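A.B. asks: Please see the structure below; I have some questions.
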Amino acid sequence: MDTRLMQLLVCPICKGPLTHLHDTHELLCPADRLAFPVRDGIAVMLENEARSVDPDTIAPPPPALAMPPAAP
């Protein structure tokens, strides 16, 4: 999927960020534990088309980049 498109897409349920799962061709919402299919390059963002994901299989998001403390 296009990187710009991924920056615009959000979960249709919670409006949270999505992660592209390249191996399964899905967009994952870790908050709702749903994986939305990508068919022929088109994200199917319908709740009834999403599959439930086991919370134990969801990797935690990478830590946010922190700014170093300012020098005194």
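In the structure tokens, chains take letters A, B, ... by order of appearance, with residues numbered from 1 within each chain and ligands from 1 in the order shown.
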Might you pull out every residue within 7 Å of A:Ala50, with only C-alpha atoms counted and same-chain residues fewer than 6 positions away left off, and present them as a list in words?

C.D. replies: Leu34, Ala35, Phe36 and Pro37 of chain A

A.B. asks: Would you write out those residues with N, CA and C atoms, as an mmCIF file, in the first residue's frame?

C.D. replies:
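Saved result, again_17.cif, follows:
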```
data_model
loop_
_atom_site.group_PDB
_atom_site.id
_atom_site.type_symbol
_atom_site.label_atom_id
_atom_site.label_comp_id
_atom_site.auth_asym_id
_atom_site.auth_seq_id
_atom_site.Cartn_x
_atom_site.Cartn_y
_atom_site.Cartn_z
ATOM 1 N N LEU A 34 -8.644 -5.947 15.489
ATOM 2 C CA LEU A 34 -9.281 -6.315 14.226
ATOM 3 C C LEU A 34 -8.290 -6.156 13.089
ATOM 4 N N ALA A 35 -8.390 -7.051 12.120
ATOM 5 C CA ALA A 35 -7.551 -6.979 10.918
ATOM 6 C C ALA A 35 -8.474 -6.825 9.717
ATOM 7 N N PHE A 36 -8.318 -5.709 9.007
ATOM 8 C CA PHE A 36 -9.140 -5.410 7.832
ATOM 9 C C PHE A 36 -8.410 -5.892 6.580
ATOM 10 N N PRO A 37 -9.090 -6.610 5.693
ATOM 11 C CA PRO A 37 -8.413 -7.151 4.507
ATOM 12 C C PRO A 37 -8.080 -6.071 3.483
#
```

A.B. asks: Could you state the separation of atom CA of A:Pro12 and atom CA of A:Cys29 in Å, given to one decimal place?

C.D. replies: 9.5 Å

A.B. asks: So, with only C-alpha atoms as the atoms that count, which of A:Thr3, A:Asp40, A:Leu46, A:Ser52 lies closest to A:His20?

C.D. replies: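 With only C-alpha atoms as the atom set, the closest residue is A:Thr3.
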
A.B. asks: Looking only at the backbone, which of the residues in stretch 9-67 of chain A does DSSP tag as strand (DSSP E), as a list in words?

C.D. replies: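 Matching residues, listed in order: Thr19, His20, Leu21, Glu26, Leu27, Leu28, Cys29, Leu34, Ala35, Phe36, Pro37, Val38, Arg39, Ile42, Ala43, Arg51 and Ser52 of chain A.
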
A.B. asks: Write the residues you've just listed into a file as a compact mmCIF listing (two decimals), in the first residue's frame, and include N, CA, C and O atoms for each of them.

C.D. replies:
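Once written, out.txt looks like this:
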```
# COMPACT_ATOMS: atom_id res chain seq x y z
N THR A 19 -1.78 -0.65 11.28
CA THR A 19 -0.48 -1.19 10.90
C THR A 19 -0.69 -2.11 9.71
O THR A 19 -1.60 -2.95 9.72
N HIS A 20 0.15 -1.96 8.68
CA HIS A 20 0.03 -2.80 7.48
C HIS A 20 0.74 -4.12 7.73
O HIS A 20 1.95 -4.14 7.97
N LEU A 21 -0.01 -5.22 7.68
CA LEU A 21 0.56 -6.56 7.81
C LEU A 21 0.81 -7.08 6.40
O LEU A 21 -0.12 -7.54 5.73
N GLU A 26 -3.32 -7.33 5.25
CA GLU A 26 -4.35 -6.79 6.13
C GLU A 26 -3.85 -5.51 6.78
O GLU A 26 -2.66 -5.26 6.86
N LEU A 27 -4.81 -4.72 7.26
CA LEU A 27 -4.52 -3.54 8.07
C LEU A 27 -5.00 -3.86 9.48
O LEU A 27 -6.17 -4.17 9.69
N LEU A 28 -4.10 -3.77 10.44
CA LEU A 28 -4.39 -4.15 11.81
C LEU A 28 -4.67 -2.94 12.68
O LEU A 28 -3.91 -1.98 12.67
N CYS A 29 -5.76 -3.03 13.45
CA CYS A 29 -6.04 -2.05 14.50
C CYS A 29 -5.76 -2.76 15.82
O CYS A 29 -6.55 -3.60 16.26
N LEU A 34 -8.64 -5.95 15.49
CA LEU A 34 -9.28 -6.31 14.23
C LEU A 34 -8.29 -6.16 13.09
O LEU A 34 -7.47 -5.23 13.09
N ALA A 35 -8.39 -7.05 12.12
CA ALA A 35 -7.55 -6.98 10.92
C ALA A 35 -8.47 -6.82 9.72
O ALA A 35 -9.32 -7.68 9.46
N PHE A 36 -8.32 -5.71 9.01
CA PHE A 36 -9.14 -5.41 7.83
C PHE A 36 -8.41 -5.89 6.58
O PHE A 36 -7.22 -5.60 6.41
N PRO A 37 -9.09 -6.61 5.69
CA PRO A 37 -8.41 -7.15 4.51
C PRO A 37 -8.08 -6.07 3.48
O PRO A 37 -8.75 -5.04 3.40
N VAL A 38 -7.01 -6.34 2.72
CA VAL A 38 -6.65 -5.52 1.57
C VAL A 38 -6.80 -6.43 0.36
O VAL A 38 -6.07 -7.42 0.24
N ARG A 39 -7.75 -6.11 -0.50
CA ARG A 39 -8.03 -6.95 -1.67
C ARG A 39 -7.73 -6.16 -2.94
O ARG A 39 -8.28 -5.08 -3.14
N ILE A 42 -6.91 -2.62 -2.44
CA ILE A 42 -7.95 -1.75 -1.87
C ILE A 42 -8.27 -2.22 -0.46
O ILE A 42 -8.60 -3.39 -0.25
N ALA A 43 -8.17 -1.31 0.50
CA ALA A 43 -8.49 -1.64 1.89
C ALA A 43 -10.00 -1.74 2.05
O ALA A 43 -10.73 -0.83 1.69
N ARG A 51 -11.46 -9.45 10.57
CA ARG A 51 -11.37 -10.66 11.40
C ARG A 51 -10.78 -10.28 12.75
O ARG A 51 -9.98 -9.34 12.88
N SER A 52 -11.21 -11.00 13.78
CA SER A 52 -10.68 -10.78 15.12
C SER A 52 -9.27 -11.34 15.21
O SER A 52 -8.97 -12.37 14.61
```

A.B. asks: For A:Met6, which residue among A:Asp23, A:Asn48, A:Leu18, A:Val53 is the nearest when counting only C-alpha atoms?

C.D. replies: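 So, comparing all the options, the nearest one is A:Leu18.
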
A.B. asks: In Å to one decimal, how far is atom CA of A:Glu49 from atom CA of A:Arg33?

C.D. replies: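 Distance between the two atoms: 13.4 Å.
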
A.B. asks: Determine which residues of stretch 7-69 of chain A DSSP labels as helix (DSSP H, G or I) from the backbone of this structure, then write them out as a PDB file with N, CA and C atoms, in the first residue's frame.

C.D. replies:
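Below is the file selection_36.pdb, written as the result:
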```pdb
ATOM      1  N   GLN A   7      -0.902   6.779   5.919  1.00  0.00           N
ATOM      2  CA  GLN A   7      -0.906   7.871   6.889  1.00  0.00           C
ATOM      3  C   GLN A   7      -2.297   8.466   7.061  1.00  0.00           C
ATOM      4  N   LEU A   8      -3.143   8.331   6.047  1.00  0.00           N
ATOM      5  CA  LEU A   8      -4.491   8.893   6.100  1.00  0.00           C
ATOM      6  C   LEU A   8      -5.522   7.932   6.675  1.00  0.00           C
ATOM      7  N   GLU A  47     -16.469  -3.219   9.193  1.00  0.00           N
ATOM      8  CA  GLU A  47     -16.347  -4.013  10.411  1.00  0.00           C
ATOM      9  C   GLU A  47     -16.747  -5.466  10.182  1.00  0.00           C
ATOM     10  N   ASN A  48     -17.777  -5.694   9.373  1.00  0.00           N
ATOM     11  CA  ASN A  48     -18.229  -7.069   9.151  1.00  0.00           C
ATOM     12  C   ASN A  48     -17.280  -7.862   8.246  1.00  0.00           C
ATOM     13  N   GLU A  49     -16.305  -7.206   7.602  1.00  0.00           N
ATOM     14  CA  GLU A  49     -15.303  -7.889   6.779  1.00  0.00           C
ATOM     15  C   GLU A  49     -14.005  -8.142   7.555  1.00  0.00           C
ATOM     16  N   PRO A  55      -5.146 -11.167  20.967  1.00  0.00           N
ATOM     17  CA  PRO A  55      -4.306 -10.098  21.519  1.00  0.00           C
ATOM     18  C   PRO A  55      -2.885 -10.543  21.828  1.00  0.00           C
ATOM     19  N   ASP A  56      -2.665 -11.834  22.052  1.00  0.00           N
ATOM     20  CA  ASP A  56      -1.315 -12.314  22.343  1.00  0.00           C
ATOM     21  C   ASP A  56      -0.417 -12.301  21.115  1.00  0.00           C
ATOM     22  N   THR A  57      -1.008 -12.242  19.919  1.00  0.00           N
ATOM     23  CA  THR A  57      -0.211 -12.257  18.700  1.00  0.00           C
ATOM     24  C   THR A  57       0.113 -10.857  18.194  1.00  0.00           C
TER      25      THR A  57
END
```

A.B. asks: Return the single residue from A:Arg4, A:Asp54, A:His25, A:Cys11 that is closest to A:Gly41, with distances computed using only C-alpha atoms.

C.D. replies: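 Among the listed residues, the smallest separation from A:Gly41 belongs to A:His25.
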